[in-house]
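Asks: Sharing a structure below in structure tokens format, with a few things to ask.
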Amino acid sequence: MLRLRRLLVTLVLLAAVAFGGFYVLTDPRIVSPSPEIGTLPAPDLENGKLLFAAGGCASCHATPNQDDKLRLGGGLALGSPFGTFHAPNISPHTRDGIGNWGVKDFVDAMAAGVSPAGQHYYPAFPYTSYRLMPPKALADLFAYIRTLSPVEGRAADHVLAFPFNIRRVVGGWKLLFFEGASFKPDPTKSEEWNRGAYLVNGPGHCAECHSDRNALGAIVQATRLAGGPDPEGRGWVPNITQAPDALGKWSKEEIAELLKTGFTPSFDSVGGTMAAVVRNTAQLPEADRLAMAEYLKSLPAVQGPARPAARAAN
Amino acid sequence: MIRTIAVAAVLGLGITAVLAQSDPITERRNTMKAVGAGSRDGAAIAKGEAPFEAAKAQAIAKAYVDAAKKMPGLYPDSSKTGGETTAAPKIWEDQAGFKAAFAKFETDAAAIGTAADVAGFRTAFGNATKNCGSCHEVYRIKK
């Protein structure tokens with residue numbers, strides 16, 4: 001009897017320690033500390049505009065069902081296996097958007113996935129890629145967003161199943177899958193390659209769509225960029241590694257052409273969610289499209305997950 | 001005699017129509033492939049890799065316009081899935097929008113045929129080919 005009681009006490013204590021450990025480890029300041037900002041030069045609005053296009057911010061944050069892609073009122077519903085997210089208002093509106101934010105708030109959100117109130121953001125917001133942008137680049141992007149019109153109104157709350165509705169849980173996810181460093185150029189590679197690697201993996205967040213995900217919604221790194229089911233559950237996103245049936249036979253110029261006009265080498269025209277990506281990459285300088293192509297041409301050939309067979313006729 | 005020929009002709013027509021209807025998926029994919037081929041020729045002219053010729057511009061415009069006229073009729077309810085179709089369910093949910101998208105494509109494509117020089121061609125071709133991505137964005141899904 002006494003022994004049983006002692007066992008129980010031990011178990012409760014252990015659970016408390018484990019919970020305490022989880023609680024400490026999932027603290028936003030511990031699992032994803034903010035980067036040092038230091039002193040920054042005056043913001044470069046042109047660079048901010050370029051990063052806004054490369055990042056496709058408008059694809060998620062523009063108010064749906066109207067034509068002005070620079071009205072960042074939010075509200076778009078994003079489906080996922082965990083529930084529905086609603087992209088928030090990131091216009092410079094002081095009450096409903098991010099008009100009250102300072103540069104540090106913005107850098108914390110984009111690079112660490114932490115809100116001004118110290119809570120975790122869900123990785124449906126692809127800060128997992130955007131974190132590669134250094135504080136200087138993020139400050140440029142922030143300054144550009146602040147030149148856009150404030151839009152009134154807040155987006156609906158996310159509709160998520162338990163336990164995903166608890167933001168603290170994202171801390172556990174970050175512990176397993178989030179790496180918080182900004183882009184480090186590879187000195188053994190050309191400047192063009194490094195620019196391409198930065199654009200593809202950072203602002204361009206190509207892997208967020210072009211990769212398979214595990215049961216917890218994290219990118220399977222072994223098949224990064226090798227395609228997978230659409231993250232929102234509609235259709236298939238193709239393999240863009242150098243596998244022979246992927247981009248292996250495309251020339252660098254053909255990849256850059258796709259990012260400008262949407263035409264594939266066989267003169268099909270990309271659709272689905274890639275159409276909006278092309279509208280954005282079309283706004284970049286030709287040198288940046290070529291840099292992305294240069295980087296993609298350097299990737300190993302990776303076979304992605306098997307694509308489901310075309311559904312039978314009914 | 002004349003009557004037999006007439007009947008045969010009617011039957012023949014009927015059979016062609018049935019054949020065309022029996023496989024709308026193949027037919028619409030072939031129609032779109034012809035649009036792809038026209039785009040290859042057009043892109044070469046726009047990029048200055050091939051010379052501008054009015055006859056070629058008219059041929060590209062015709063390929064696009066013919067496809068725009070034909071496509072909306074190739075989506076009977078019985079053809080939502082099957083073969084290697086990349087048609088999105090949205091086509092059947094929003095028939096009006098789908099038809100309107102082809103009507104706009106037809107108008108923009110016709111302008112390619114009236115281009116008088118390479119500069120005019122480039123503008124008209126650029127406008128017409130914006131329709132490819134915007135229609136595929138909504139009405140097409142690669143499964």
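Every chain in the structure tokens takes a letter, A first, then B, and so on in the order presented; its residues are numbered from 1, and the ligands are numbered from 1 following the presented order.
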Which chain B residues are at most 12 Å from chain A (counting only C-alpha atoms), as an MDAnalysis selection string?
Replies: chainID B and resid 23 25 29 32:44 47 77:90 125:143
Asks: List the spatial neighbours of A:Gly48 as a PDB file with all heavy atoms, in the first residue's frame - criterion: any atom at most 7 Å away, only C-alpha atoms, same-chain residues fewer than 3 positions off excluded.
Replies:
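Result file is result06.pdb:
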```
ATOM      1  N   ASP A  44      15.555  50.376 -47.642  1.00  0.00           N
ATOM      2  CA  ASP A  44      15.599  50.431 -49.097  1.00  0.00           C
ATOM      3  C   ASP A  44      14.236  49.928 -49.596  1.00  0.00           C
ATOM      4  O   ASP A  44      13.968  48.727 -49.601  1.00  0.00           O
ATOM      5  CB  ASP A  44      16.751  49.520 -49.543  1.00  0.00           C
ATOM      6  CG  ASP A  44      16.822  49.343 -51.056  1.00  0.00           C
ATOM      7  OD1 ASP A  44      15.886  49.785 -51.751  1.00  0.00           O
ATOM      8  OD2 ASP A  44      17.815  48.753 -51.516  1.00  0.00           O
ATOM      9  N   LEU A  45      13.369  50.880 -49.993  1.00  0.00           N
ATOM     10  CA  LEU A  45      11.992  50.522 -50.364  1.00  0.00           C
ATOM     11  C   LEU A  45      11.930  49.652 -51.611  1.00  0.00           C
ATOM     12  O   LEU A  45      11.058  48.799 -51.749  1.00  0.00           O
ATOM     13  CB  LEU A  45      11.148  51.779 -50.568  1.00  0.00           C
ATOM     14  CG  LEU A  45      10.764  52.522 -49.286  1.00  0.00           C
ATOM     15  CD1 LEU A  45      10.012  53.801 -49.623  1.00  0.00           C
ATOM     16  CD2 LEU A  45       9.915  51.638 -48.384  1.00  0.00           C
ATOM     17  N   LEU A  51      11.166  42.010 -52.349  1.00  0.00           N
ATOM     18  CA  LEU A  51      10.960  40.881 -51.427  1.00  0.00           C
ATOM     19  C   LEU A  51       9.477  40.593 -51.228  1.00  0.00           C
ATOM     20  O   LEU A  51       9.074  39.448 -51.036  1.00  0.00           O
ATOM     21  CB  LEU A  51      11.643  41.168 -50.080  1.00  0.00           C
ATOM     22  CG  LEU A  51      13.168  41.212 -50.153  1.00  0.00           C
ATOM     23  CD1 LEU A  51      13.756  41.726 -48.843  1.00  0.00           C
ATOM     24  CD2 LEU A  51      13.742  39.828 -50.485  1.00  0.00           C
ATOM     25  N   PHE A  52       8.661  41.641 -51.305  1.00  0.00           N
ATOM     26  CA  PHE A  52       7.214  41.466 -51.182  1.00  0.00           C
ATOM     27  C   PHE A  52       6.711  40.624 -52.354  1.00  0.00           C
ATOM     28  O   PHE A  52       5.879  39.723 -52.177  1.00  0.00           O
ATOM     29  CB  PHE A  52       6.544  42.845 -51.177  1.00  0.00           C
ATOM     30  CG  PHE A  52       5.059  42.793 -50.959  1.00  0.00           C
ATOM     31  CD1 PHE A  52       4.545  42.678 -49.678  1.00  0.00           C
ATOM     32  CD2 PHE A  52       4.179  42.882 -52.031  1.00  0.00           C
ATOM     33  CE1 PHE A  52       3.167  42.646 -49.470  1.00  0.00           C
ATOM     34  CE2 PHE A  52       2.807  42.845 -51.832  1.00  0.00           C
ATOM     35  CZ  PHE A  52       2.298  42.727 -50.551  1.00  0.00           C
ATOM     36  N   ASP A 140      13.554  46.311 -44.686  1.00  0.00           N
ATOM     37  CA  ASP A 140      13.183  46.878 -45.990  1.00  0.00           C
ATOM     38  C   ASP A 140      11.748  46.473 -46.342  1.00  0.00           C
ATOM     39  O   ASP A 140      10.939  47.293 -46.788  1.00  0.00           O
ATOM     40  CB  ASP A 140      14.119  46.369 -47.100  1.00  0.00           C
ATOM     41  CG  ASP A 140      15.552  46.868 -46.940  1.00  0.00           C
ATOM     42  OD1 ASP A 140      15.771  47.805 -46.158  1.00  0.00           O
ATOM     43  OD2 ASP A 140      16.453  46.296 -47.600  1.00  0.00           O
ATOM     44  N   LEU A 141      11.448  45.191 -46.135  1.00  0.00           N
ATOM     45  CA  LEU A 141      10.116  44.668 -46.442  1.00  0.00           C
ATOM     46  C   LEU A 141       9.061  45.354 -45.570  1.00  0.00           C
ATOM     47  O   LEU A 141       7.990  45.769 -46.049  1.00  0.00           O
ATOM     48  CB  LEU A 141      10.119  43.147 -46.209  1.00  0.00           C
ATOM     49  CG  LEU A 141       8.825  42.374 -46.362  1.00  0.00           C
ATOM     50  CD1 LEU A 141       8.211  42.605 -47.732  1.00  0.00           C
ATOM     51  CD2 LEU A 141       9.078  40.871 -46.157  1.00  0.00           C
ATOM     52  N   ALA A 143       9.255  48.316 -44.190  1.00  0.00           N
ATOM     53  CA  ALA A 143       9.100  49.714 -44.609  1.00  0.00           C
ATOM     54  C   ALA A 143       8.224  49.783 -45.853  1.00  0.00           C
ATOM     55  O   ALA A 143       7.382  50.694 -45.990  1.00  0.00           O
ATOM     56  CB  ALA A 143      10.470  50.332 -44.880  1.00  0.00           C
ATOM     57  N   TYR A 144       8.383  48.830 -46.772  1.00  0.00           N
ATOM     58  CA  TYR A 144       7.546  48.825 -47.979  1.00  0.00           C
ATOM     59  C   TYR A 144       6.075  48.605 -47.614  1.00  0.00           C
ATOM     60  O   TYR A 144       5.191  49.325 -48.085  1.00  0.00           O
ATOM     61  CB  TYR A 144       8.018  47.756 -48.974  1.00  0.00           C
ATOM     62  CG  TYR A 144       7.056  47.609 -50.120  1.00  0.00           C
ATOM     63  CD1 TYR A 144       6.952  48.597 -51.098  1.00  0.00           C
ATOM     64  CD2 TYR A 144       6.195  46.513 -50.202  1.00  0.00           C
ATOM     65  CE1 TYR A 144       6.021  48.494 -52.133  1.00  0.00           C
ATOM     66  CE2 TYR A 144       5.266  46.403 -51.222  1.00  0.00           C
ATOM     67  CZ  TYR A 144       5.190  47.392 -52.182  1.00  0.00           C
ATOM     68  OH  TYR A 144       4.257  47.300 -53.196  1.00  0.00           O
TER      69      TYR A 144
END
```
Asks: Need to verify the contact set: A:Gly304, 6 Å, only C-alpha atoms, exclusion of same-chain residues closer than 5 positions in sequence. Can you return it as a PyMOL selection string?
Replies: chain A and resi 223+226-227
Asks: For B:Ala124, work out the shell of residues within 9 Å, counting only C-alpha atoms and skipping chain neighbours fewer than 2 positions away, then give it as a list in words.
Replies: Asp108, Ala109, Ala110, Ala111, Ile112, Gly113, Thr114, Ala115, Ala119, Gly120, Phe121, Arg122, Gly126, Asn127, Ala128 and Thr129 of chain B
Asks: Take the residues from that selection and write them out as a PDB file, in the first residue's frame, keeping N, CA, C and O atoms.
Replies:
```pdb
ATOM      1  N   ASP B 108      -9.225  38.545 -76.894  1.00  0.00           N
ATOM      2  CA  ASP B 108      -7.808  38.916 -76.835  1.00  0.00           C
ATOM      3  C   ASP B 108      -7.016  38.223 -77.942  1.00  0.00           C
ATOM      4  O   ASP B 108      -6.070  38.794 -78.498  1.00  0.00           O
ATOM      5  N   ALA B 109      -7.409  36.978 -78.269  1.00  0.00           N
ATOM      6  CA  ALA B 109      -6.676  36.213 -79.285  1.00  0.00           C
ATOM      7  C   ALA B 109      -6.912  36.804 -80.671  1.00  0.00           C
ATOM      8  O   ALA B 109      -5.979  36.882 -81.492  1.00  0.00           O
ATOM      9  N   ALA B 110      -8.138  37.262 -80.940  1.00  0.00           N
ATOM     10  CA  ALA B 110      -8.447  37.805 -82.264  1.00  0.00           C
ATOM     11  C   ALA B 110      -7.527  38.982 -82.588  1.00  0.00           C
ATOM     12  O   ALA B 110      -7.124  39.178 -83.744  1.00  0.00           O
ATOM     13  N   ALA B 111      -7.145  39.756 -81.571  1.00  0.00           N
ATOM     14  CA  ALA B 111      -6.289  40.929 -81.778  1.00  0.00           C
ATOM     15  C   ALA B 111      -4.914  40.527 -82.317  1.00  0.00           C
ATOM     16  O   ALA B 111      -4.244  41.329 -82.981  1.00  0.00           O
ATOM     17  N   ILE B 112      -4.480  39.293 -82.041  1.00  0.00           N
ATOM     18  CA  ILE B 112      -3.164  38.851 -82.550  1.00  0.00           C
ATOM     19  C   ILE B 112      -3.186  38.855 -84.082  1.00  0.00           C
ATOM     20  O   ILE B 112      -2.204  39.222 -84.731  1.00  0.00           O
ATOM     21  N   GLY B 113      -4.337  38.460 -84.652  1.00  0.00           N
ATOM     22  CA  GLY B 113      -4.446  38.349 -86.101  1.00  0.00           C
ATOM     23  C   GLY B 113      -4.382  39.683 -86.827  1.00  0.00           C
ATOM     24  O   GLY B 113      -4.088  39.726 -88.024  1.00  0.00           O
ATOM     25  N   THR B 114      -4.634  40.775 -86.127  1.00  0.00           N
ATOM     26  CA  THR B 114      -4.631  42.089 -86.787  1.00  0.00           C
ATOM     27  C   THR B 114      -3.311  42.829 -86.587  1.00  0.00           C
ATOM     28  O   THR B 114      -3.173  43.965 -87.019  1.00  0.00           O
ATOM     29  N   ALA B 115      -2.347  42.183 -85.916  1.00  0.00           N
ATOM     30  CA  ALA B 115      -1.066  42.857 -85.674  1.00  0.00           C
ATOM     31  C   ALA B 115      -0.378  43.158 -87.002  1.00  0.00           C
ATOM     32  O   ALA B 115      -0.362  42.324 -87.911  1.00  0.00           O
ATOM     33  N   ALA B 119       6.099  44.671 -83.043  1.00  0.00           N
ATOM     34  CA  ALA B 119       5.773  45.339 -81.771  1.00  0.00           C
ATOM     35  C   ALA B 119       4.309  45.112 -81.426  1.00  0.00           C
ATOM     36  O   ALA B 119       3.965  44.761 -80.289  1.00  0.00           O
ATOM     37  N   GLY B 120       3.440  45.283 -82.425  1.00  0.00           N
ATOM     38  CA  GLY B 120       2.015  45.053 -82.204  1.00  0.00           C
ATOM     39  C   GLY B 120       1.761  43.598 -81.840  1.00  0.00           C
ATOM     40  O   GLY B 120       0.937  43.291 -80.973  1.00  0.00           O
ATOM     41  N   PHE B 121       2.493  42.716 -82.503  1.00  0.00           N
ATOM     42  CA  PHE B 121       2.338  41.285 -82.227  1.00  0.00           C
ATOM     43  C   PHE B 121       2.687  40.983 -80.772  1.00  0.00           C
ATOM     44  O   PHE B 121       1.957  40.289 -80.076  1.00  0.00           O
ATOM     45  N   ARG B 122       3.808  41.539 -80.338  1.00  0.00           N
ATOM     46  CA  ARG B 122       4.291  41.248 -78.989  1.00  0.00           C
ATOM     47  C   ARG B 122       3.237  41.659 -77.948  1.00  0.00           C
ATOM     48  O   ARG B 122       2.953  40.914 -77.014  1.00  0.00           O
ATOM     49  N   GLY B 126       1.202  38.978 -75.807  1.00  0.00           N
ATOM     50  CA  GLY B 126       1.358  39.083 -74.351  1.00  0.00           C
ATOM     51  C   GLY B 126      -0.005  39.139 -73.666  1.00  0.00           C
ATOM     52  O   GLY B 126      -0.245  38.445 -72.666  1.00  0.00           O
ATOM     53  N   ASN B 127      -0.918  39.955 -74.207  1.00  0.00           N
ATOM     54  CA  ASN B 127      -2.254  40.064 -73.604  1.00  0.00           C
ATOM     55  C   ASN B 127      -3.006  38.745 -73.683  1.00  0.00           C
ATOM     56  O   ASN B 127      -3.628  38.319 -72.712  1.00  0.00           O
ATOM     57  N   ALA B 128      -2.966  38.114 -74.849  1.00  0.00           N
ATOM     58  CA  ALA B 128      -3.732  36.872 -75.028  1.00  0.00           C
ATOM     59  C   ALA B 128      -3.193  35.775 -74.108  1.00  0.00           C
ATOM     60  O   ALA B 128      -3.968  35.021 -73.522  1.00  0.00           O
ATOM     61  N   THR B 129      -1.877  35.692 -73.975  1.00  0.00           N
ATOM     62  CA  THR B 129      -1.314  34.588 -73.194  1.00  0.00           C
ATOM     63  C   THR B 129      -1.425  34.828 -71.684  1.00  0.00           C
ATOM     64  O   THR B 129      -1.171  33.908 -70.909  1.00  0.00           O
TER      65      THR B 129
END
```
Asks: With only C-alpha atoms as the counted atoms, please give the residues lying no more than 9 Å from A:Gln119, apart from itself and same-chain residues fewer than 3 positions off, as a list in words.
Replies: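 Skipping anything fewer than 3 positions along the chain leaves Asp27, Pro28, Gly113, Val114, Ser115, Pro116, Arg167 and Arg168 of chain A.
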Asks: Store the residues picked out above in a file with all heavy atoms, as an mmCIF file, in the first residue's frame.
Replies:
```
data_model
loop_
_atom_site.group_PDB
_atom_site.id
_atom_site.type_symbol
_atom_site.label_atom_id
_atom_site.label_comp_id
_atom_site.auth_asym_id
_atom_site.auth_seq_id
_atom_site.Cartn_x
_atom_site.Cartn_y
_atom_site.Cartn_z
ATOM 1 N N ASP A 27 8.689 27.662 -24.440
ATOM 2 C CA ASP A 27 8.629 29.117 -24.307
ATOM 3 C C ASP A 27 9.206 29.742 -25.577
ATOM 4 O O ASP A 27 10.308 29.392 -25.998
ATOM 5 C CB ASP A 27 9.464 29.550 -23.098
ATOM 6 C CG ASP A 27 9.347 31.036 -22.825
ATOM 7 O OD1 ASP A 27 9.569 31.837 -23.761
ATOM 8 O OD2 ASP A 27 9.034 31.388 -21.690
ATOM 9 N N PRO A 28 8.454 30.666 -26.194
ATOM 10 C CA PRO A 28 8.932 31.261 -27.446
ATOM 11 C C PRO A 28 10.354 31.799 -27.346
ATOM 12 O O PRO A 28 11.127 31.702 -28.291
ATOM 13 C CB PRO A 28 7.936 32.383 -27.699
ATOM 14 C CG PRO A 28 6.685 31.942 -27.021
ATOM 15 C CD PRO A 28 7.117 31.144 -25.834
ATOM 16 N N GLY A 113 8.881 33.543 -35.801
ATOM 17 C CA GLY A 113 7.514 33.037 -35.705
ATOM 18 C C GLY A 113 6.883 33.348 -34.365
ATOM 19 O O GLY A 113 6.128 32.544 -33.822
ATOM 20 N N VAL A 114 7.228 34.527 -33.797
ATOM 21 C CA VAL A 114 6.700 34.928 -32.490
ATOM 22 C C VAL A 114 5.981 36.271 -32.634
ATOM 23 O O VAL A 114 6.476 37.185 -33.281
ATOM 24 C CB VAL A 114 7.843 35.040 -31.455
ATOM 25 C CG1 VAL A 114 7.317 35.537 -30.119
ATOM 26 C CG2 VAL A 114 8.540 33.697 -31.292
ATOM 27 N N SER A 115 4.799 36.377 -31.999
ATOM 28 C CA SER A 115 3.990 37.591 -32.114
ATOM 29 C C SER A 115 4.448 38.643 -31.105
ATOM 30 O O SER A 115 5.164 38.312 -30.154
ATOM 31 C CB SER A 115 2.517 37.258 -31.875
ATOM 32 O OG SER A 115 2.311 37.035 -30.493
ATOM 33 N N PRO A 116 4.003 39.896 -31.270
ATOM 34 C CA PRO A 116 4.369 40.932 -30.296
ATOM 35 C C PRO A 116 3.925 40.553 -28.883
ATOM 36 O O PRO A 116 4.562 40.945 -27.912
ATOM 37 C CB PRO A 116 3.630 42.173 -30.793
ATOM 38 C CG PRO A 116 3.416 41.936 -32.247
ATOM 39 C CD PRO A 116 3.240 40.455 -32.398
ATOM 40 N N ARG A 167 -1.756 27.531 -28.987
ATOM 41 C CA ARG A 167 -0.531 28.026 -29.629
ATOM 42 C C ARG A 167 0.740 27.479 -28.997
ATOM 43 O O ARG A 167 1.750 27.294 -29.668
ATOM 44 C CB ARG A 167 -0.504 29.549 -29.614
ATOM 45 C CG ARG A 167 -1.420 30.155 -30.670
ATOM 46 C CD ARG A 167 -1.229 31.649 -30.814
ATOM 47 N NE ARG A 167 -2.192 32.197 -31.761
ATOM 48 C CZ ARG A 167 -1.963 32.329 -33.073
ATOM 49 N NH1 ARG A 167 -0.791 31.979 -33.570
ATOM 50 N NH2 ARG A 167 -2.886 32.805 -33.877
ATOM 51 N N ARG A 168 0.677 27.211 -27.687
ATOM 52 C CA ARG A 168 1.857 26.701 -27.003
ATOM 53 C C ARG A 168 2.354 25.406 -27.646
ATOM 54 O O ARG A 168 3.549 25.117 -27.655
ATOM 55 C CB ARG A 168 1.492 26.451 -25.531
ATOM 56 C CG ARG A 168 2.681 26.236 -24.644
ATOM 57 C CD ARG A 168 3.347 27.569 -24.358
ATOM 58 N NE ARG A 168 4.567 27.392 -23.602
ATOM 59 C CZ ARG A 168 5.069 28.307 -22.792
ATOM 60 N NH1 ARG A 168 4.470 29.464 -22.631
ATOM 61 N NH2 ARG A 168 6.197 28.078 -22.152
#
```
Asks: Find the residues around A:Ala155 up to 12 Å (only C-alpha atoms counted), leave out those fewer than 3 positions away in its own chain, and share them as a PyMOL selection string.
Replies: chain A and resi 60-64+72-77+85-91+96-97+151-152+158-159
Asks: Go ahead and write the residues just picked, N, CA, C and O atoms, as a CSV table (one decimal), in the first residue's frame.
Replies:
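This is the output file out.csv:
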```
chain,number,residue,atom,x,y,z
A,60,CYS,N,-1.5,35.4,-50.0
A,60,CYS,CA,-2.3,35.0,-48.8
A,60,CYS,C,-3.0,36.2,-48.2
A,60,CYS,O,-4.1,36.0,-47.6
A,61,HIS,N,-2.3,37.3,-48.1
A,61,HIS,CA,-2.8,38.4,-47.3
A,61,HIS,C,-3.7,39.4,-48.0
A,61,HIS,O,-4.4,40.2,-47.3
A,62,ALA,N,-3.8,39.4,-49.3
A,62,ALA,CA,-4.7,40.4,-50.0
A,62,ALA,C,-6.1,40.0,-49.7
A,62,ALA,O,-6.5,38.8,-49.6
A,63,THR,N,-6.9,41.0,-49.5
A,63,THR,CA,-8.4,40.8,-49.3
A,63,THR,C,-8.9,40.0,-50.5
A,63,THR,O,-8.8,40.4,-51.6
A,64,PRO,N,-9.6,38.8,-50.2
A,64,PRO,CA,-10.1,38.0,-51.4
A,64,PRO,C,-11.2,38.8,-52.1
A,64,PRO,O,-11.9,39.7,-51.6
A,72,LEU,N,-4.1,44.7,-48.1
A,72,LEU,CA,-3.7,43.5,-47.3
A,72,LEU,C,-4.6,43.3,-46.1
A,72,LEU,O,-4.2,43.1,-45.0
A,73,GLY,N,-5.9,43.3,-46.4
A,73,GLY,CA,-6.9,43.2,-45.3
A,73,GLY,C,-7.1,41.8,-44.8
A,73,GLY,O,-7.7,41.6,-43.7
A,74,GLY,N,-6.5,40.8,-45.4
A,74,GLY,CA,-6.6,39.4,-44.9
A,74,GLY,C,-7.9,38.8,-45.1
A,74,GLY,O,-8.8,39.4,-45.7
A,75,GLY,N,-8.1,37.6,-44.5
A,75,GLY,CA,-9.4,36.9,-44.6
A,75,GLY,C,-9.4,35.7,-45.4
A,75,GLY,O,-10.3,34.8,-45.3
A,76,LEU,N,-8.4,35.5,-46.3
A,76,LEU,CA,-8.4,34.3,-47.1
A,76,LEU,C,-8.3,33.0,-46.2
A,76,LEU,O,-7.5,33.0,-45.3
A,77,ALA,N,-9.2,32.0,-46.5
A,77,ALA,CA,-9.2,30.8,-45.7
A,77,ALA,C,-8.2,29.8,-46.3
A,77,ALA,O,-8.2,29.6,-47.5
A,85,PHE,N,-7.1,28.0,-41.4
A,85,PHE,CA,-6.4,29.2,-41.0
A,85,PHE,C,-7.0,30.4,-41.8
A,85,PHE,O,-7.4,30.2,-42.9
A,86,HIS,N,-7.0,31.5,-41.2
A,86,HIS,CA,-7.4,32.7,-41.9
A,86,HIS,C,-6.3,33.7,-41.9
A,86,HIS,O,-5.8,34.1,-40.8
A,87,ALA,N,-5.8,34.1,-43.1
A,87,ALA,CA,-4.6,35.0,-43.1
A,87,ALA,C,-5.1,36.3,-42.5
A,87,ALA,O,-6.1,36.8,-42.8
A,88,PRO,N,-4.3,36.8,-41.6
A,88,PRO,CA,-4.7,38.1,-40.9
A,88,PRO,C,-4.4,39.3,-41.7
A,88,PRO,O,-3.8,39.3,-42.8
A,89,ASN,N,-5.0,40.4,-41.2
A,89,ASN,CA,-4.8,41.8,-41.8
A,89,ASN,C,-3.3,42.2,-41.5
A,89,ASN,O,-3.0,42.3,-40.4
A,90,ILE,N,-2.5,42.4,-42.6
A,90,ILE,CA,-1.2,42.9,-42.3
A,90,ILE,C,-1.0,44.3,-43.0
A,90,ILE,O,0.1,44.7,-43.3
A,91,SER,N,-2.1,45.0,-43.3
A,91,SER,CA,-2.0,46.3,-43.8
A,91,SER,C,-1.5,47.2,-42.6
A,91,SER,O,-1.6,46.8,-41.5
A,96,ASP,N,-6.5,47.3,-36.8
A,96,ASP,CA,-6.8,46.0,-37.4
A,96,ASP,C,-5.6,45.3,-38.0
A,96,ASP,O,-5.6,44.1,-38.3
A,97,GLY,N,-4.5,46.1,-38.4
A,97,GLY,CA,-3.4,45.5,-39.1
A,97,GLY,C,-2.1,45.6,-38.2
A,97,GLY,O,-2.2,45.4,-37.0
A,151,VAL,N,-6.1,49.0,-44.3
A,151,VAL,CA,-7.4,48.4,-44.6
A,151,VAL,C,-8.0,48.1,-43.3
A,151,VAL,O,-7.4,47.5,-42.4
A,152,GLU,N,-9.3,48.5,-43.2
A,152,GLU,CA,-10.0,48.3,-41.9
A,152,GLU,C,-10.6,46.8,-41.9
A,152,GLU,O,-10.8,46.2,-42.9
A,158,HIS,N,-8.9,31.5,-36.6
A,158,HIS,CA,-8.6,30.2,-37.2
A,158,HIS,C,-9.6,29.2,-36.6
A,158,HIS,O,-10.1,29.4,-35.4
A,159,VAL,N,-10.0,28.2,-37.3
A,159,VAL,CA,-10.8,27.1,-36.8
A,159,VAL,C,-10.0,25.8,-36.8
A,159,VAL,O,-9.9,25.2,-37.8
```
Asks: Might you pull out every residue within 10 Å of stretch 179-194 of chain A, with only C-alpha atoms counted and same-chain residues fewer than 4 positions away left off, and present them as a PyMOL selection string?
Replies: chain A and resi 31-35+111-113+127-135+174-175+198-202+287-288+290-298
